[in-house]
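Just query03.cif here, mmCIF, C-alpha atoms:
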data_run
#
loop_
_atom_site.label_atom_id
_atom_site.label_comp_id
_atom_site.auth_asym_id
_atom_site.auth_seq_id
_atom_site.Cartn_x
_atom_site.Cartn_y
_atom_site.Cartn_z
CA MET A 1 19.16 -21.25 -7.33
CA LEU A 2 16.63 -23.82 -6.02
CA LEU A 3 14.32 -21.12 -4.66
CA LEU A 4 14.61 -19.11 -7.87
CA LYS A 5 12.87 -21.72 -10.06
CA PRO A 6 9.42 -21.68 -8.38
CA ILE A 7 9.60 -17.89 -8.22
CA LEU A 8 10.22 -17.63 -11.94
CA ILE A 9 7.48 -20.11 -12.81
CA LEU A 10 4.94 -18.00 -10.91
CA LEU A 11 6.35 -14.71 -12.17
CA SER A 12 5.95 -15.81 -15.77
CA LEU A 13 2.20 -15.62 -15.23
CA LEU A 14 2.38 -11.97 -14.20
CA VAL A 15 5.20 -10.40 -16.24
CA ILE A 16 4.39 -7.09 -17.93
CA GLN A 17 7.01 -5.34 -20.01
CA THR A 18 7.86 -1.70 -19.31
CA SER A 19 9.79 0.90 -21.27
CA ALA A 20 11.63 2.29 -18.24
CA ILE A 21 15.44 2.18 -18.12
CA ARG A 22 17.20 0.51 -15.18
CA SER A 23 20.75 0.03 -13.96
CA PHE A 24 22.13 -1.93 -11.00
CA PRO A 25 24.12 -0.51 -8.06
CA ASN A 26 27.27 -2.12 -6.72
CA LYS A 27 26.76 -1.45 -3.03
CA LEU A 28 24.54 -2.22 -0.07
CA SER A 29 22.95 0.33 2.24
CA TYR A 30 23.23 -0.49 5.93
CA THR A 31 21.01 0.52 8.79
CA GLU A 32 20.01 -0.57 12.28
CA GLU A 33 16.45 -1.24 13.40
CA GLU A 34 15.11 -1.35 16.93
CA PHE A 35 12.43 -3.85 17.95
CA ASP A 36 11.19 -4.28 21.52
CA GLY A 37 14.12 -2.29 22.88
CA SER A 38 16.83 -4.38 21.22
CA VAL A 39 18.87 -3.25 18.24
CA ILE A 40 19.55 -5.64 15.37
CA LYS A 41 21.63 -4.98 12.31
CA SER A 42 19.94 -5.30 8.98
CA GLN A 43 20.66 -4.40 5.40
CA TYR A 44 18.66 -3.09 2.53
CA ILE A 45 20.21 -3.55 -0.86
CA GLU A 46 20.25 -0.37 -2.89
CA ALA A 47 17.55 -0.79 -5.51
CA PRO A 48 18.31 -0.63 -9.22
CA GLU A 49 18.01 2.89 -10.59
CA TYR A 50 14.88 3.20 -12.70
CA ARG A 51 14.75 6.00 -15.27
CA ASN A 52 12.04 7.33 -17.56
CA GLY A 53 11.64 6.07 -21.08
CA ILE A 54 11.86 8.57 -23.94
CA GLN A 55 8.07 8.83 -24.13
CA CYS A 56 7.74 10.32 -20.61
CA PRO A 57 7.03 14.03 -20.06
CA VAL A 58 10.02 16.09 -18.89
CA LEU A 59 9.47 17.18 -15.29
CA SER A 60 12.22 19.78 -15.03
CA THR A 61 14.99 21.22 -17.16
CA ASP A 62 17.13 22.49 -14.25
CA GLY A 63 17.13 19.36 -12.08
CA SER A 64 14.71 20.72 -9.48
CA LEU A 65 11.34 19.12 -8.84
CA SER A 66 8.32 20.69 -7.18
CA VAL A 67 5.69 18.53 -5.47
CA CYS A 68 3.15 20.71 -7.28
CA ASN A 69 4.36 19.67 -10.75
CA PRO A 70 1.19 18.70 -12.70
CA SER A 71 2.98 15.81 -14.46
CA LEU A 72 3.59 13.92 -11.21
CA ILE A 73 1.80 10.77 -10.11
CA HIS A 74 1.24 11.02 -6.35
CA VAL A 75 1.37 7.87 -4.23
CA ALA A 76 0.78 7.87 -0.46
CA MET A 77 1.87 5.09 1.91
CA THR A 78 2.41 4.74 5.63
CA LEU A 79 5.88 4.02 6.96
CA ASP A 80 6.94 2.33 10.19
CA LEU A 81 9.62 -0.12 11.26
CA ASP A 82 7.24 -3.06 11.67
CA TYR A 83 6.12 -2.90 8.04
CA LEU A 84 9.19 -1.23 6.55
CA ARG A 85 10.26 -4.34 4.69
CA GLY A 86 6.87 -4.51 3.00
CA SER A 87 6.88 -0.81 2.15
CA ILE A 88 10.30 -1.03 0.50
CA ALA A 89 9.24 -4.07 -1.54
CA ALA A 90 6.07 -2.22 -2.61
CA VAL A 91 8.05 0.83 -3.77
CA HIS A 92 10.53 -1.41 -5.58
CA SER A 93 7.76 -3.22 -7.46
CA LEU A 94 6.06 0.04 -8.42
CA LEU A 95 9.25 1.54 -9.83
CA LYS A 96 10.18 -1.66 -11.63
CA HIS A 97 6.91 -1.81 -13.56
CA ALA A 98 6.37 1.92 -14.14
CA ASP A 99 6.96 3.26 -17.65
CA CYS A 100 7.81 6.66 -16.14
CA PRO A 101 9.22 5.90 -12.66
CA GLU A 102 10.76 9.36 -12.26
CA ASN A 103 7.30 10.87 -12.53
CA VAL A 104 6.13 9.15 -9.35
CA TYR A 105 6.26 11.17 -6.12
CA PHE A 106 5.92 9.23 -2.86
CA HIS A 107 4.27 10.71 0.23
CA PHE A 108 5.22 8.59 3.27
CA ILE A 109 3.26 9.07 6.50
CA ALA A 110 5.12 8.11 9.70
CA SER A 111 3.87 8.25 13.28
CA ASP A 112 7.08 7.16 15.05
CA LEU A 113 8.45 10.69 15.37
CA PRO A 114 11.76 9.73 17.10
CA LYS A 115 12.45 7.42 14.14
CA LEU A 116 11.47 9.93 11.45
CA ALA A 117 15.06 10.80 10.48
CA GLU A 118 16.06 7.13 10.49
CA LEU A 119 13.16 6.11 8.27
CA THR A 120 13.98 8.95 5.89
CA GLN A 121 17.62 7.83 5.73
CA ILE A 122 16.65 4.22 5.00
CA ILE A 123 14.46 5.30 2.08
CA ASN A 124 17.18 7.66 0.84
CA SER A 125 19.89 5.04 0.90
CA THR A 126 17.74 2.30 -0.62
CA PHE A 127 16.28 4.51 -3.38
CA PRO A 128 18.84 7.34 -3.91
CA SER A 129 17.00 8.88 -6.87
CA LEU A 130 13.47 8.58 -5.43
CA SER A 131 11.27 11.68 -5.22
CA PHE A 132 9.62 11.54 -1.80
CA LYS A 133 8.80 13.25 1.46
CA VAL A 134 8.16 11.81 4.92
CA TYR A 135 5.35 13.51 6.85
CA PRO A 136 4.86 13.27 10.62
CA PHE A 137 1.52 11.86 11.76
CA ILE A 138 0.46 12.95 15.24
CA GLU A 139 -1.32 10.01 16.86
CA ALA A 140 -2.72 11.62 20.01
CA PRO A 141 -5.98 13.06 18.54
CA ILE A 142 -6.90 9.89 16.63
CA LYS A 143 -6.17 7.56 19.56
CA ASN A 144 -9.19 8.96 21.38
CA LEU A 145 -11.42 7.94 18.48
CA ILE A 146 -10.12 4.39 17.95
CA SER A 147 -12.07 1.43 19.32
CA SER A 148 -10.56 -2.01 19.84
CA SER A 149 -10.65 -4.37 16.88
CA ILE A 150 -10.63 -8.16 16.39
CA ARG A 151 -6.87 -8.06 15.75
CA LYS A 152 -4.40 -5.91 17.67
CA ALA A 153 -2.55 -4.77 14.55
CA LEU A 154 -5.75 -3.12 13.29
CA ASN A 155 -5.73 -0.76 16.30
CA ASN A 156 -2.54 1.00 15.15
CA PRO A 157 -3.38 4.71 14.69
CA LEU A 158 -1.27 4.74 11.52
CA ASN A 159 -4.00 2.59 9.89
CA TYR A 160 -6.19 5.68 10.03
CA ALA A 161 -3.70 7.99 8.28
CA ARG A 162 -5.51 7.57 4.93
CA THR A 163 -8.40 9.52 6.46
CA TYR A 164 -6.12 12.54 6.94
CA LEU A 165 -4.24 12.65 3.64
CA ALA A 166 -6.11 15.74 2.45
CA ASP A 167 -4.94 17.56 5.59
CA ILE A 168 -1.38 16.21 5.61
CA LEU A 169 -0.37 16.62 1.97
CA GLU A 170 0.29 19.92 0.24
CA GLU A 171 -2.79 21.84 -0.93
CA CYS A 172 -1.60 21.60 -4.53
CA VAL A 173 -1.84 17.81 -4.44
CA ASP A 174 -5.37 17.32 -5.72
CA ARG A 175 -5.26 13.58 -6.41
CA VAL A 176 -3.42 10.68 -4.81
CA ILE A 177 -3.22 6.89 -4.96
CA TYR A 178 -3.20 5.36 -1.49
CA LEU A 179 -1.46 1.99 -1.15
CA ASP A 180 -1.03 -0.32 1.82
CA SER A 181 2.47 -1.56 2.68
CA ASP A 182 1.71 -5.24 2.03
CA ILE A 183 1.24 -4.98 -1.74
CA ILE A 184 3.28 -5.37 -4.89
CA LEU A 185 2.50 -4.03 -8.34
CA VAL A 186 3.13 -5.96 -11.53
CA ASP A 187 1.71 -3.30 -13.86
CA ASP A 188 2.28 0.36 -14.69
CA ILE A 189 0.94 2.65 -11.93
CA GLN A 190 0.06 5.23 -14.60
CA LYS A 191 -2.87 3.05 -15.69
CA LEU A 192 -4.37 3.28 -12.21
CA TRP A 193 -3.64 6.99 -12.00
CA LYS A 194 -5.58 7.71 -15.21
CA ILE A 195 -8.82 6.13 -14.02
CA SER A 196 -11.62 8.71 -13.98
CA LEU A 197 -13.76 9.38 -10.92
CA THR A 198 -17.10 10.09 -12.56
CA GLY A 199 -19.73 12.52 -11.36
CA SER A 200 -19.04 13.65 -7.82
CA ARG A 201 -17.30 10.50 -6.67
CA VAL A 202 -14.44 11.04 -4.26
CA ILE A 203 -12.71 7.66 -4.29
CA GLY A 204 -12.20 4.79 -6.68
CA ALA A 205 -11.45 1.18 -5.71
CA PRO A 206 -12.30 -2.35 -6.78
CA VAL A 207 -15.74 -3.16 -5.35
CA TYR A 208 -17.07 -6.61 -4.48
CA CYS A 209 -20.86 -6.79 -4.54
CA ASN A 210 -20.93 -10.58 -4.05
CA ALA A 211 -19.38 -10.23 -0.60
CA ASN A 212 -21.71 -10.43 2.41
CA PHE A 213 -21.84 -6.72 3.23
CA THR A 214 -23.94 -7.15 6.37
CA ARG A 215 -21.17 -9.02 8.22
CA TYR A 216 -19.02 -5.89 8.42
CA PHE A 217 -21.42 -4.44 10.99
CA THR A 218 -22.91 -5.74 14.23
CA GLU A 219 -26.50 -6.72 14.94
CA GLU A 220 -26.80 -3.59 17.06
CA PHE A 221 -26.08 -1.50 13.96
CA TRP A 222 -28.58 -3.27 11.69
CA SER A 223 -31.30 -3.27 14.39
CA ASP A 224 -31.02 0.51 14.81
CA SER A 225 -33.03 2.04 11.97
CA GLU A 226 -31.50 5.48 12.54
CA LEU A 227 -28.03 4.10 11.92
CA SER A 228 -28.71 1.55 9.19
CA LYS A 229 -30.71 4.01 7.08
CA VAL A 230 -27.34 5.38 5.89
CA PHE A 231 -27.48 2.65 3.23
CA GLU A 232 -31.09 3.25 2.17
CA GLY A 233 -31.45 3.64 -1.57
CA LYS A 234 -27.82 2.63 -2.16
CA LYS A 235 -26.24 -0.48 -3.59
CA ALA A 236 -23.56 -0.61 -0.95
CA CYS A 237 -20.76 -3.06 -1.75
CA TYR A 238 -17.59 -4.05 0.05
CA PHE A 239 -14.33 -2.44 -1.04
CA ASN A 240 -10.84 -2.71 0.39
CA THR A 241 -9.26 0.57 1.50
CA GLY A 242 -5.71 -0.68 0.89
CA VAL A 243 -5.84 0.50 -2.73
CA MET A 244 -7.70 3.73 -3.47
CA VAL A 245 -7.63 6.55 -5.99
CA MET A 246 -8.64 9.68 -4.07
CA ASP A 247 -9.80 13.08 -5.30
CA LEU A 248 -8.47 15.36 -2.56
CA VAL A 249 -10.21 18.46 -3.91
CA ARG A 250 -13.62 16.82 -3.50
CA TRP A 251 -12.51 15.27 -0.20
CA ARG A 252 -11.61 18.65 1.25
CA ALA A 253 -14.73 20.35 -0.12
CA GLY A 254 -16.99 17.65 1.36
CA ASP A 255 -15.09 17.46 4.67
CA TYR A 256 -14.99 13.69 4.49
CA ARG A 257 -12.54 13.49 7.37
CA MET A 258 -15.25 14.88 9.64
CA ARG A 259 -17.83 12.42 8.25
CA ILE A 260 -15.57 9.46 9.00
CA GLU A 261 -14.75 10.76 12.48
CA LYS A 262 -18.47 11.07 13.28
CA TRP A 263 -18.95 7.35 12.68
CA MET A 264 -15.92 6.62 14.84
CA GLU A 265 -17.57 8.62 17.60
CA VAL A 266 -20.73 6.54 17.23
CA GLN A 267 -18.61 3.40 17.50
CA LYS A 268 -17.27 4.63 20.86
CA LEU A 269 -20.85 4.81 22.16
CA LYS A 270 -22.25 1.69 20.45
CA ARG A 271 -20.41 -1.34 19.13
CA ILE A 272 -21.47 -1.11 15.48
CA TYR A 273 -18.46 -2.83 13.82
CA GLU A 274 -15.38 -4.95 14.61
CA LEU A 275 -12.82 -4.27 11.87
CA GLY A 276 -10.88 -1.10 12.70
CA SER A 277 -10.46 1.56 10.01
CA LEU A 278 -12.45 -0.11 7.20
CA PRO A 279 -16.08 0.17 8.39
CA PRO A 280 -16.12 4.00 8.69
CA PHE A 281 -15.11 4.15 5.02
CA LEU A 282 -17.89 1.71 4.13
CA LEU A 283 -20.38 3.83 6.06
CA VAL A 284 -19.38 7.06 4.31
CA PHE A 285 -18.67 5.79 0.80
CA GLY A 286 -20.62 2.51 0.51
CA GLY A 287 -22.65 2.66 -2.70
CA ASP A 288 -20.77 5.67 -4.03
CA VAL A 289 -17.37 4.30 -5.03
CA GLU A 290 -15.98 4.40 -8.56
CA GLY A 291 -15.58 0.75 -9.41
CA ILE A 292 -12.09 -0.17 -10.62
CA ASP A 293 -11.13 -3.44 -12.30
CA HIS A 294 -10.49 -6.19 -9.73
CA ARG A 295 -7.04 -6.76 -11.21
CA TRP A 296 -5.92 -3.70 -9.20
CA ASN A 297 -6.46 -5.36 -5.83
CA GLN A 298 -5.99 -9.11 -5.58
CA HIS A 299 -6.56 -8.86 -1.84
CA GLY A 300 -6.80 -11.40 0.96
CA LEU A 301 -3.46 -13.10 0.19
CA GLY A 302 -2.48 -12.79 3.87
CA GLY A 303 -5.25 -15.21 4.80
CA HIS A 304 -7.81 -14.92 7.57
CA ASN A 305 -7.65 -11.97 9.96
CA VAL A 306 -7.39 -14.21 13.01
CA VAL A 307 -5.81 -17.52 11.97
CA ASN A 308 -2.98 -18.16 9.52
CA SER A 309 -4.06 -19.64 6.21
CA CYS A 310 -2.94 -19.72 2.58
CA ARG A 311 -5.00 -18.37 -0.26
CA SER A 312 -4.50 -18.57 -3.99
CA LEU A 313 -4.93 -15.84 -6.59
CA HIS A 314 -8.43 -15.02 -7.77
CA PRO A 315 -9.20 -15.95 -11.38
CA GLY A 316 -8.41 -13.34 -14.01
CA PRO A 317 -5.62 -10.86 -14.80
CA VAL A 318 -3.47 -9.34 -12.04
CA SER A 319 -1.97 -5.85 -11.75
CA LEU A 320 -1.60 -5.60 -7.96
CA LEU A 321 -1.28 -8.28 -5.28
CA HIS A 322 -2.31 -7.50 -1.72
CA TRP A 323 -1.42 -9.55 1.37
CA SER A 324 -4.29 -8.19 3.46
CA GLY A 325 -5.09 -10.43 6.40
CA LYS A 326 -2.97 -11.79 9.23
CA GLY A 327 -0.10 -13.41 7.30
CA LYS A 328 2.62 -11.30 5.70
CA PRO A 329 4.94 -12.75 3.04
CA TRP A 330 8.19 -11.61 4.68
CA SER A 331 7.25 -13.29 7.97
CA ARG A 332 6.18 -16.55 6.36
CA LEU A 333 9.29 -16.68 4.16
CA ASP A 334 11.57 -16.05 7.16
CA GLU A 335 9.80 -18.78 9.14
CA GLY A 336 10.27 -21.23 6.29
CA LYS A 337 6.50 -21.66 5.98
CA PRO A 338 5.63 -19.60 2.89
CA CYS A 339 2.39 -19.82 0.96
CA PRO A 340 2.80 -20.27 -2.81
CA VAL A 341 1.80 -16.65 -3.49
CA ASP A 342 4.61 -15.43 -1.21
CA TYR A 343 7.12 -16.41 -3.91
CA LEU A 344 5.60 -13.65 -6.04
CA TRP A 345 6.57 -11.10 -3.38
CA ALA A 346 10.11 -12.42 -2.79
CA PRO A 347 11.86 -10.96 -5.91
CA TYR A 348 11.02 -7.41 -4.76
CA ASP A 349 12.41 -7.91 -1.25
CA LEU A 350 15.51 -5.77 -0.73
CA HIS A 351 16.04 -6.76 2.91
CA ARG A 352 19.03 -8.93 3.77
CA PRO A 353 19.33 -9.66 7.54
CA ASN A 354 22.56 -10.55 9.34
CA GLY A 355 24.86 -9.47 6.57
CA ILE A 356 23.54 -11.84 3.91
CA GLN A 357 24.25 -10.31 0.53
CA TRP A 358 22.47 -10.76 -2.75
CA PRO A 359 25.22 -10.59 -5.37
CA GLN A 360 24.77 -8.28 -8.34
CA GLU A 361 25.21 -11.15 -10.81
CA GLU A 362 22.32 -13.04 -9.18
CA ARG A 363 20.06 -10.02 -9.49
CA GLN A 364 21.05 -9.64 -13.12
CA GLN A 365 20.27 -13.32 -13.72
CA ILE A 366 16.78 -12.82 -12.27
CA GLU A 367 16.27 -9.83 -14.57
CA GLU A 368 17.36 -11.87 -17.60
CA ASP A 369 15.16 -14.83 -16.71
CA TYR A 370 12.28 -12.49 -15.90
CA SER A 371 12.56 -10.79 -19.32
CA SER A 372 12.83 -14.15 -21.11
CA ALA A 373 9.63 -15.35 -19.45
CA ALA A 374 7.77 -12.35 -20.88
CA SER A 375 8.86 -12.91 -24.48
#

Could you write out this structure as C-alpha cells?
Amino acid sequence: MLLLKPILILLSLLVIQTSAIRSFPNKLSYTEEEFDGSVIKSQYIEAPEYRNGIQCPVLSTDGSLSVCNPSLIHVAMTLDLDYLRGSIAAVHSLLKHADCPENVYFHFIASDLPKLAELTQIINSTFPSLSFKVYPFIEAPIKNLISSSIRKALNNPLNYARTYLADILEECVDRVIYLDSDIILVDDIQKLWKISLTGSRVIGAPVYCNANFTRYFTEEFWSDSELSKVFEGKKACYFNTGVMVMDLVRWRAGDYRMRIEKWMEVQKLKRIYELGSLPPFLLVFGGDVEGIDHRWNQHGLGGHNVVNSCRSLHPGPVSLLHWSGKGKPWSRLDEGKPCPVDYLWAPYDLHRPNGIQWPQEERQQIEEDYSSAAS
C-alpha cells in the first residue's frame, strides 16, 4: 500500500463524481504480445463493468446497437501493440468518469493487419460490454507522403490516421472526438462532446496563443512568401492534435484530407517543418479552430520530444491529462523512474506483466478511498 498513498493524494485534486454504475469482475483476461520477434506473456485485468445512470437516454430496447444511433458519443483512437497499454488505460479512465458510459462508441484504427484479430480480442476480453469496432488502416499510400521527423516515433503512419477518419468511419458518423493513446480523462466525456463548433469551423481543440508559433516551421517556410501567406489575416495559434472534436460532415464537404496531403507533398519537396503529423494540421486549420477550455488537454506531461524530463500540471482545473512528448507513464513506472504526474495515470493501468495480479479487494479499496477523497 506504500505506492497507493501518493497516488491517492494526487487523485484527490482531480476527483469528479459520476452517476454511472460500476461492478467489479472476478477474473483476469490473458493474452500474449509480440515485440521484436519474441513473445512475452502479459495480462490485462478485466475492467469493472460501467453502466448508465438512470438519467441516460435508452439506446435500444431489444439489446442491439447501431453505430448510427444518434444518442451515441463517438470516440476515435489508434490501436497498436506498442501503445496498447496506454490505449486501455485511456478507455478505462473515460468509462470510469462518464455519466453514460454505455452511450460511448469507440472506433479503433489499427495498421498492424496481422494483429487485427488479436487486438480485437484483447479489447473484447478487457472490456466485455464495450461498444467498439476495429478498423484496418492501410499504411502504404500514406508512407509515400511522410517525411522524417525529429523523433522516430513521430514517423509512424498510424500518427496520420486522424487525417483519414472521415473516410474510415461510417458515413452516418457525422461527429467524433479524436483522442491520443497517452491520455486519461478525469471528467465526463459528454461535456466535451457537447461543445459547439461555431460558424463553419471543422475542428475544436484547446488553443495556445502564447506559444511561439513560428518555431513549428523552418526558416525556409517563413522566407517563402508564397508558402507563409497561408497565415495572412489569421491569428494562427498552436493547438495539439491529440484531443480534437471533429465535424466529419464539414470535413468531407471541404475535402480537408486533400488539403492536408497537399502540404505533406510540399514538405517532400521543401523542408518546411520538423514535427511529423502536427504541422499540416496547423497549416490547414491555424487561426480557424474552435477554442476549447485548456482543462481538456493538459498536454506535455511526457516531457521534451528529444530528452526525458518531468513536467508538472499547468495551473487551473483539469479534465484530461496528456503525456505528449517522449516519456510515457507506463515506461517510466516500469523503469522505477516515474515523474510525479505518472502516479495520476497508474490507477487506470489494467496491465499486469508476468502473472502479477491485482486482487479485487485492493481495487475495491482504491475505489473506496477515491470516493472518500471526493466527499

(Q) Report, in Å to a single decimal, how far apart CA of Cys237 in chain A and CA of Asn212 in chain A are. (A) 8.5 Å

Q) What is the distance between CA of Leu275 in chain A and CA of Val318 in chain A, in Å to one decimal? A) 26.2 Å

Q) Looking at all atoms listed in the file, which of A:Ala253, A:Met244, A:Leu278, A:Leu185 is the one that sits closest to Phe217 in chain A? A) A:Leu278

(Q) Set the distance at 9 Å and use only C-alpha atoms: which residues neighbour range 164-178 of chain A once local chain neighbours fewer than 2 positions away are removed? I'd like the list as number ranges by chain. (A) A: 67-70, 73-77, 107, 109, 135-137, 160-162, 180, 192-193, 241-252, 257

Please produce, as a tab-separated table, a per-residue contact table for range 124-203 of chain A versus range 99-105 of chain A (criterion: any atom at most 10 Å away, only C-alpha atoms considered), showing the nearest atom pair and its distance in Å to one decimal, sorted by chain then residue number.
residue	atom	partner	partner_atom	distance
A:Ser129	CA	A:Glu102	CA	8.3
A:Leu130	CA	A:Glu102	CA	7.4
A:Ser131	CA	A:Tyr105	CA	5.1
A:Phe132	CA	A:Tyr105	CA	5.5
A:Lys133	CA	A:Tyr105	CA	8.3
A:Val176	CA	A:Tyr105	CA	9.8
A:Asp187	CA	A:Asp99	CA	9.2
A:Asp188	CA	A:Asp99	CA	6.3
A:Ile189	CA	A:Asp99	CA	8.3
A:Gln190	CA	A:Asp99	CA	7.8

Q: Could you give me, as a ChimeraX atom specification, the residues within 12 Å of Asn155 in chain A, counting all atoms listed in the file and dropping anything in the same chain fewer than 2 positions from it?
A: /A:139,142-153,157-160,274-278

As a check of understanding, name the residues that the PyMOL selection byres ((chain A and resi 325) around 6) selects in the supplied structure, as a tab-separated table (two decimals) with C-alpha atoms, keeping the file's coordinate frame.
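Result file part08.tsv:
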chain	number	residue	atom	x	y	z
A	300	GLY	CA	-6.80	-11.40	0.96
A	302	GLY	CA	-2.48	-12.79	3.87
A	303	GLY	CA	-5.25	-15.21	4.80
A	304	HIS	CA	-7.81	-14.92	7.57
A	305	ASN	CA	-7.65	-11.97	9.96
A	324	SER	CA	-4.29	-8.19	3.46
A	326	LYS	CA	-2.97	-11.79	9.23
A	327	GLY	CA	-0.10	-13.41	7.30

Q. On this structure, which residues satisfy the PyMOL selection byres ((chain A and resi 228) around 12), written as a PyMOL selection string?
A. chain A and resi 214+217-227+229-234+236+263+272+282-284+286

Using C-alpha atoms, can you export the residues from the last selection as a PDB file, in the coordinates of the input?
ATOM      1  CA  THR A 214     -23.940  -7.150   6.370  1.00  0.00           C
ATOM      2  CA  PHE A 217     -21.420  -4.440  10.990  1.00  0.00           C
ATOM      3  CA  THR A 218     -22.910  -5.740  14.230  1.00  0.00           C
ATOM      4  CA  GLU A 219     -26.500  -6.720  14.940  1.00  0.00           C
ATOM      5  CA  GLU A 220     -26.800  -3.590  17.060  1.00  0.00           C
ATOM      6  CA  PHE A 221     -26.080  -1.500  13.960  1.00  0.00           C
ATOM      7  CA  TRP A 222     -28.580  -3.270  11.690  1.00  0.00           C
ATOM      8  CA  SER A 223     -31.300  -3.270  14.390  1.00  0.00           C
ATOM      9  CA  ASP A 224     -31.020   0.510  14.810  1.00  0.00           C
ATOM     10  CA  SER A 225     -33.030   2.040  11.970  1.00  0.00           C
ATOM     11  CA  GLU A 226     -31.500   5.480  12.540  1.00  0.00           C
ATOM     12  CA  LEU A 227     -28.030   4.100  11.920  1.00  0.00           C
ATOM     13  CA  LYS A 229     -30.710   4.010   7.080  1.00  0.00           C
ATOM     14  CA  VAL A 230     -27.340   5.380   5.890  1.00  0.00           C
ATOM     15  CA  PHE A 231     -27.480   2.650   3.230  1.00  0.00           C
ATOM     16  CA  GLU A 232     -31.090   3.250   2.170  1.00  0.00           C
ATOM     17  CA  GLY A 233     -31.450   3.640  -1.570  1.00  0.00           C
ATOM     18  CA  LYS A 234     -27.820   2.630  -2.160  1.00  0.00           C
ATOM     19  CA  ALA A 236     -23.560  -0.610  -0.950  1.00  0.00           C
ATOM     20  CA  TRP A 263     -18.950   7.350  12.680  1.00  0.00           C
ATOM     21  CA  ILE A 272     -21.470  -1.110  15.480  1.00  0.00           C
ATOM     22  CA  LEU A 282     -17.890   1.710   4.130  1.00  0.00           C
ATOM     23  CA  LEU A 283     -20.380   3.830   6.060  1.00  0.00           C
ATOM     24  CA  VAL A 284     -19.380   7.060   4.310  1.00  0.00           C
ATOM     25  CA  GLY A 286     -20.620   2.510   0.510  1.00  0.00           C
TER      26      GLY A 286
END

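Using only C-alpha atoms for every distance, the candidate list A:Asn156, A:Leu350, A:Gln121, A:Lys194 yields A:Lys194 as the residue closest to Leu72 in chain A.
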